[in-house]
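Asker: Structure: model.cif, mmCIF, C-alpha atoms.
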```cif
data_entry
loop_
_atom_site.label_atom_id
_atom_site.label_comp_id
_atom_site.auth_asym_id
_atom_site.auth_seq_id
_atom_site.Cartn_x
_atom_site.Cartn_y
_atom_site.Cartn_z
CA MET G 142 -41.85 9.52 66.91
CA LYS G 143 -42.15 9.14 63.10
CA VAL G 144 -40.05 11.50 60.97
CA PHE G 145 -41.17 12.52 57.44
CA ARG G 146 -38.59 13.64 54.87
CA SER G 147 -39.25 16.35 52.34
CA ASP G 148 -39.20 15.68 48.56
CA SER G 149 -35.76 17.28 48.18
CA VAL G 150 -34.29 14.99 50.80
CA HIS G 151 -35.84 11.96 49.08
CA ARG G 152 -34.40 13.08 45.71
CA ALA G 153 -30.91 13.60 47.14
CA ALA G 154 -30.94 10.17 48.78
CA ARG G 155 -32.07 8.52 45.54
CA LEU G 156 -29.33 10.22 43.48
CA LYS G 157 -26.69 9.20 46.01
CA HIS G 158 -27.94 5.62 45.89
CA GLU G 159 -27.74 5.60 42.05
CA ASP G 160 -24.17 6.94 42.16
CA VAL G 161 -23.14 4.15 44.50
CA LEU G 162 -24.70 1.55 42.21
CA LEU G 163 -23.05 3.06 39.15
CA ASN G 164 -19.62 3.00 40.76
CA SER G 165 -20.07 -0.55 41.95
CA VAL G 166 -20.90 -1.97 38.47
CA SER G 167 -18.66 0.23 36.38
CA THR G 168 -15.82 -2.29 36.55
CA ASN G 169 -18.02 -5.18 35.41
CA VAL G 170 -20.28 -3.54 32.81
CA SER G 171 -19.09 -2.45 29.38
CA PRO G 172 -19.21 1.25 28.45
CA VAL G 173 -21.92 0.52 25.88
CA ALA G 174 -24.15 -1.06 28.53
CA LEU G 175 -23.63 1.87 30.89
CA ARG G 176 -24.53 4.22 28.11
CA ARG G 177 -27.77 2.38 27.43
CA ARG G 178 -28.73 2.09 31.10
CA HIS G 179 -27.78 5.51 32.39
CA HIS G 180 -27.90 7.60 29.18
CA SER G 181 -24.40 8.91 29.72
CA CYS G 182 -22.39 10.92 27.18
CA PRO G 183 -21.33 9.19 23.92
CA ILE G 184 -18.12 7.19 24.07
CA SER G 185 -15.10 9.24 23.03
CA THR G 186 -13.39 8.31 19.76
CA SER G 187 -10.04 9.72 20.82
CA ALA G 188 -8.67 6.19 21.30
CA GLN G 189 -9.00 5.41 17.57
CA GLN G 190 -5.86 5.05 15.49
CA PRO G 191 -4.75 8.38 14.01
CA VAL G 192 -4.79 8.68 10.22
CA VAL G 193 -1.24 8.72 8.87
CA PRO G 194 -0.73 11.38 6.20
CA LEU G 195 0.06 10.00 2.76
CA LEU G 196 3.43 11.77 2.80
CA PHE G 197 4.66 9.57 5.67
CA GLN G 198 3.31 6.26 4.36
CA ARG G 199 5.70 3.68 2.94
CA MET G 200 4.35 2.60 -0.41
CA ILE G 201 4.99 2.25 -4.13
CA LYS G 202 3.20 4.78 -6.32
CA PHE G 203 3.71 3.22 -9.76
CA VAL G 204 5.91 0.86 -11.79
CA LEU G 205 7.07 1.51 -15.34
CA MET G 206 8.94 -0.64 -17.83
CA VAL G 207 10.32 1.29 -20.82
CA ASN G 208 12.87 0.76 -23.60
CA ARG G 209 15.76 2.98 -24.64
CA GLN G 210 13.53 4.91 -27.03
CA GLY G 211 11.32 5.90 -24.11
CA GLN G 212 8.39 3.71 -25.17
CA THR G 213 6.36 2.38 -22.26
CA ARG G 214 5.96 -1.40 -22.34
CA LEU G 215 4.29 -1.78 -18.95
CA SER G 216 2.72 0.60 -16.46
CA ARG G 217 1.02 -0.18 -13.15
CA TYR G 218 -0.34 2.56 -10.90
CA TYR G 219 -1.13 2.07 -7.21
CA GLN G 220 -2.44 5.61 -6.71
CA PRO G 221 -5.08 7.21 -8.92
CA VAL G 222 -3.62 9.33 -11.72
CA GLU G 223 -5.82 10.81 -14.44
CA LEU G 224 -5.37 9.19 -17.84
CA ASN G 225 -4.68 12.49 -19.57
CA ARG G 226 -1.81 13.13 -17.13
CA ARG G 227 -0.17 9.73 -17.32
CA ALA G 228 1.49 10.19 -20.72
CA ALA G 229 3.14 13.46 -19.66
CA LEU G 230 4.17 12.01 -16.29
CA GLU G 231 5.69 8.89 -17.84
CA ALA G 232 7.54 10.91 -20.47
CA ASP G 233 9.03 13.21 -17.84
CA VAL G 234 10.00 10.32 -15.53
CA VAL G 235 11.59 8.34 -18.36
CA ARG G 236 13.49 11.39 -19.60
CA CYS G 237 14.78 12.01 -16.09
CA CYS G 238 16.10 8.45 -15.68
CA LEU G 239 17.42 7.80 -19.19
CA SER G 240 19.42 11.03 -19.21
CA ARG G 241 21.54 9.90 -16.24
CA ARG G 242 24.98 8.32 -16.64
CA LYS G 243 25.73 4.73 -15.60
CA GLU G 244 27.99 5.79 -12.75
CA GLN G 245 25.26 7.92 -11.19
CA CYS G 246 23.05 6.73 -8.38
CA SER G 247 19.89 4.80 -9.26
CA PHE G 248 17.83 6.78 -6.74
CA VAL G 249 16.43 10.10 -7.97
CA GLU G 250 14.54 12.80 -6.10
CA TYR G 251 11.56 13.70 -8.27
CA LYS G 252 8.96 16.29 -7.20
CA ASP G 253 7.30 14.99 -4.02
CA PHE G 254 8.49 11.37 -4.35
CA LYS G 255 11.56 9.32 -5.33
CA LEU G 256 12.43 7.21 -8.36
CA VAL G 257 14.28 3.90 -8.17
CA TYR G 258 15.39 2.49 -11.51
CA ARG G 259 17.50 -0.32 -12.95
CA GLN G 260 18.60 -1.08 -16.50
CA TYR G 261 18.48 -4.58 -17.98
CA ALA G 262 19.80 -4.70 -21.56
CA ALA G 263 17.43 -2.50 -23.57
CA LEU G 264 14.80 -2.20 -20.84
CA TYR G 265 14.54 0.15 -17.89
CA ILE G 266 12.35 -0.57 -14.87
CA VAL G 267 11.36 2.55 -12.95
CA VAL G 268 9.58 2.46 -9.58
CA ALA G 269 8.19 5.59 -7.93
CA VAL G 270 8.03 5.47 -4.13
CA THR G 271 7.14 7.79 -1.29
CA ASP G 272 9.87 9.50 0.70
CA ALA G 273 9.35 7.13 3.64
CA GLU G 274 9.92 3.99 1.54
CA ASN G 275 13.22 2.10 1.69
CA GLU G 276 15.00 2.61 -1.65
CA LEU G 277 17.31 -0.38 -1.19
CA SER G 278 14.44 -2.79 -0.63
CA VAL G 279 12.72 -1.50 -3.78
CA PHE G 280 16.02 -1.75 -5.67
CA GLU G 281 16.23 -5.43 -4.73
CA LEU G 282 12.53 -5.90 -5.52
CA VAL G 283 13.18 -4.79 -9.10
CA HIS G 284 15.93 -7.37 -9.49
CA ASN G 285 13.72 -10.05 -7.97
CA PHE G 286 10.97 -9.12 -10.45
CA VAL G 287 13.38 -9.56 -13.37
CA GLU G 288 14.60 -12.90 -12.01
CA VAL G 289 11.01 -14.14 -11.80
CA LEU G 290 10.42 -13.03 -15.41
CA ASP G 291 13.63 -14.81 -16.49
CA LYS G 292 12.52 -17.98 -14.73
CA TYR G 293 9.10 -17.96 -16.39
CA PHE G 294 10.10 -16.85 -19.91
CA SER G 295 13.60 -18.42 -19.96
CA ARG G 296 15.61 -15.21 -20.41
CA VAL G 297 12.94 -12.58 -20.80
CA SER G 298 13.10 -10.08 -23.66
CA GLU G 299 11.19 -6.99 -24.71
CA LEU G 300 9.08 -9.08 -27.08
CA ASP G 301 8.08 -11.40 -24.23
CA ILE G 302 6.79 -8.38 -22.33
CA MET G 303 4.89 -7.04 -25.33
CA PHE G 304 3.15 -10.30 -26.30
CA ASN G 305 2.54 -11.63 -22.77
CA LEU G 306 1.55 -8.45 -20.98
CA ASP G 307 -1.30 -10.12 -19.10
CA ARG G 308 1.06 -12.68 -17.56
CA VAL G 309 3.57 -10.01 -16.61
CA HIS G 310 0.76 -8.18 -14.81
CA VAL G 311 -0.14 -11.37 -12.96
CA ILE G 312 3.46 -11.72 -11.76
CA LEU G 313 3.61 -8.08 -10.70
CA ASP G 314 0.28 -8.31 -8.87
CA GLU G 315 1.52 -11.34 -6.96
CA MET G 316 4.48 -9.30 -5.73
CA ILE G 317 2.88 -5.90 -5.10
CA GLN G 318 -0.65 -5.18 -3.89
CA ASN G 319 -2.03 -1.74 -3.07
CA GLY G 320 1.45 -0.30 -3.32
CA HIS G 321 3.00 -2.68 -0.77
CA ILE G 322 5.38 -5.61 -1.26
CA VAL G 323 3.54 -8.80 -0.33
CA GLU G 324 5.60 -11.63 -1.85
CA THR G 325 9.20 -12.22 -2.94
CA ASN G 326 9.40 -16.02 -3.17
CA ARG G 327 9.69 -16.99 -6.84
CA SER G 328 7.87 -20.30 -6.59
CA ARG G 329 4.88 -18.77 -4.81
CA ILE G 330 4.81 -15.85 -7.24
CA LEU G 331 4.70 -18.18 -10.25
CA ALA G 332 2.21 -20.63 -8.69
CA PRO G 333 -0.92 -19.08 -10.29
CA LEU G 334 0.65 -19.01 -13.77
CA THR G 335 1.97 -22.54 -13.35
CA ALA G 336 -1.54 -23.73 -12.48
CA LEU G 337 -3.01 -21.90 -15.47
CA ASP G 338 -0.43 -23.40 -17.83
CA LYS G 339 -1.16 -26.92 -16.53
CA MET G 340 -4.89 -26.38 -17.09
CA ALA G 341 -4.21 -25.12 -20.63
CA ASP G 342 -2.03 -28.16 -21.45
CA SER G 343 -4.51 -30.72 -20.10
#
```
What would you get if you wrote out this structure as structure tokens?

Answerer:
Amino acid sequence: MKVFRSDSVHRAARLKHEDVLLNSVSTNVSPVALRRRHHSCPISTSAQQPVVPLLFQRMIKFVLMVNRQGQTRLSRYYQPVELNRRAALEADVVRCCLSRRKEQCSFVEYKDFKLVYRQYAALYIVVAVTDAENELSVFELVHNFVEVLDKYFSRVSELDIMFNLDRVHVILDEMIQNGHIVETNRSRILAPLTALDKMADS
């Protein structure tokens, strides 16, 4: 005797068959393919890397080189600061560092970041860093920067900085990019300037 199924029974059997097929290929087919074939829900983005707040990032905010009179000889910012605010910021930072005694610590808490500074003869180098940055590594970075300048200029002076500012920026950019330390080897830092000097002499 021949048995006829109703439409609802046919529909239920078809859905069950599709579920079995879906489960059987889910381990071999990428989520994108399953989405295209079966029009499932969009893939969740919860697995993406969370955005780290700027407060907890380790980075350098700016570098200043000033003399004892508080005159800025070099400034390099790695975070956007409006031009009309830079003069006031630099004056306040320089006043904060130059007013300290020699026996005091070279790390200073300033507003929402920290200052690391070192004095070399008549010049002060001030580096602003986030709270998460390692002050000792930045302290050594400043000394490495001065050693590279000494190697290139043969005992660097304030006049060397003033009249060769473009080359000082090249050296600094080889060491720091986007607020992060990328190079500390002196020979590799000076390689671009050495190549430029050879081209100029030839």

Asker: Which residue gives the smallest distance to Phe286 of chain G among G:Arg327, G:Lys243, G:Lys252, G:Arg308, with all atoms listed in the file counted?

Answerer: G:Arg327

Asker: Quick one, how far is atom CA of Asp342 of chain G from atom CA of Gln318 of chain G?

Answerer: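 Distance between the two atoms: 29.0 Å.
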
Asker: In Å, rounded to a single decimal, give me how far atom CA of Gln212 of chain G is from atom CA of Arg236 of chain G.

Answerer: 10.8 Å

Asker: Which of these residues is nearest to Met206 of chain G, using only C-alpha atoms: G:Glu288, G:Glu299, G:Glu274, G:Asp307?

Answerer: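 Under the stated criterion, the closest residue is G:Glu299.
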
Asker: Figure out the distance between atom CA of Val204 of chain G and atom CA of Val267 of chain G, please, to one decimal in Å.

Answerer: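 Taking atom CA of Val267 of chain G and atom CA of Val204 of chain G, their separation equals 5.8 Å.
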
Asker: Of the candidates G:Leu256, G:Leu313, G:Leu215, G:Val283, which one gets nearest to Asp233 of chain G if we count all atoms listed in the file?

Answerer: G:Leu256

Asker: For the structure shown, which residues end up in the PyMOL selection byres ((chain G and resi 253) around 12)? Put them as a list of chain:residue names, please?

Answerer: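 Selection result, ordered by chain and number: G:Leu195, G:Leu196, G:Phe197, G:Lys202, G:Val249, G:Glu250, G:Tyr251, G:Lys252, G:Phe254, G:Lys255, G:Leu256, G:Ala269, G:Val270, G:Thr271, G:Asp272, G:Ala273.
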
Asker: Can you list what the PyMOL selection byres ((chain G and resi 209) around 9) grabs from this structure, as an mmCIF file with C-alpha atoms, in the frame of the given file?

Answerer:
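Output file out_5.cif is given in full below:
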```
data_model
loop_
_atom_site.group_PDB
_atom_site.id
_atom_site.type_symbol
_atom_site.label_atom_id
_atom_site.label_comp_id
_atom_site.auth_asym_id
_atom_site.auth_seq_id
_atom_site.Cartn_x
_atom_site.Cartn_y
_atom_site.Cartn_z
ATOM 1 C CA VAL G 207 10.320 1.290 -20.820
ATOM 2 C CA ASN G 208 12.870 0.760 -23.600
ATOM 3 C CA GLN G 210 13.530 4.910 -27.030
ATOM 4 C CA GLY G 211 11.320 5.900 -24.110
ATOM 5 C CA GLN G 212 8.390 3.710 -25.170
ATOM 6 C CA LEU G 239 17.420 7.800 -19.190
ATOM 7 C CA ALA G 263 17.430 -2.500 -23.570
ATOM 8 C CA LEU G 264 14.800 -2.200 -20.840
ATOM 9 C CA TYR G 265 14.540 0.150 -17.890
#
```

Asker: Measuring atom to atom with only C-alpha atoms, identify which of G:Ala332, G:Cys238, G:Glu276, G:Arg214 is nearest to Asn305 of chain G.

Answerer: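 Checking each candidate against Asn305 of chain G, we get G:Arg214 as the closest.
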
Asker: Select, from G:Ala262, G:Val268, G:Leu277, G:Val287, the residue with the minimum atom-to-atom distance to Gly320 of chain G, counting all atoms listed in the file.

Answerer: G:Val268

Asker: Counting all atoms listed in the file, which residue out of G:Met200, G:Tyr261, G:Glu324, G:Ser278 sits closest to Arg296 of chain G?

Answerer: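 Smallest distance to Arg296 of chain G is found for G:Tyr261.
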
Asker: Assuming the chain letters and numbering stay as they are in my file, what does the PyMOL selection byres ((chain G and resi 333) around 12) actually select? List them as a short mmCIF file (atom, residue, chain, number, x, y, z; two decimals) with C-alpha atoms, in the frame of the given file.

Answerer:
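Okay, this is what ended up in result-v7.cif:
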```
data_model
loop_
_atom_site.label_atom_id
_atom_site.label_comp_id
_atom_site.auth_asym_id
_atom_site.auth_seq_id
_atom_site.Cartn_x
_atom_site.Cartn_y
_atom_site.Cartn_z
CA TYR G 293 9.10 -17.96 -16.39
CA ARG G 308 1.06 -12.68 -17.56
CA VAL G 309 3.57 -10.01 -16.61
CA HIS G 310 0.76 -8.18 -14.81
CA VAL G 311 -0.14 -11.37 -12.96
CA ILE G 312 3.46 -11.72 -11.76
CA LEU G 313 3.61 -8.08 -10.70
CA ASP G 314 0.28 -8.31 -8.87
CA GLU G 315 1.52 -11.34 -6.96
CA ARG G 327 9.69 -16.99 -6.84
CA SER G 328 7.87 -20.30 -6.59
CA ARG G 329 4.88 -18.77 -4.81
CA ILE G 330 4.81 -15.85 -7.24
CA LEU G 331 4.70 -18.18 -10.25
CA ALA G 332 2.21 -20.63 -8.69
CA LEU G 334 0.65 -19.01 -13.77
CA THR G 335 1.97 -22.54 -13.35
CA ALA G 336 -1.54 -23.73 -12.48
CA LEU G 337 -3.01 -21.90 -15.47
CA ASP G 338 -0.43 -23.40 -17.83
CA LYS G 339 -1.16 -26.92 -16.53
CA MET G 340 -4.89 -26.38 -17.09
#
```

Asker: For segment 213-232 of chain G, what centre and edge lengths in Å (one decimal) does the axis-aligned box get once 3 Å is added on each side of all its listed atoms, as JSON?

Answerer:
```
{"center_x": 0.9, "center_y": 5.8, "center_z": -14.5, "size_x": 19.4, "size_y": 21.2, "size_z": 21.6}
```
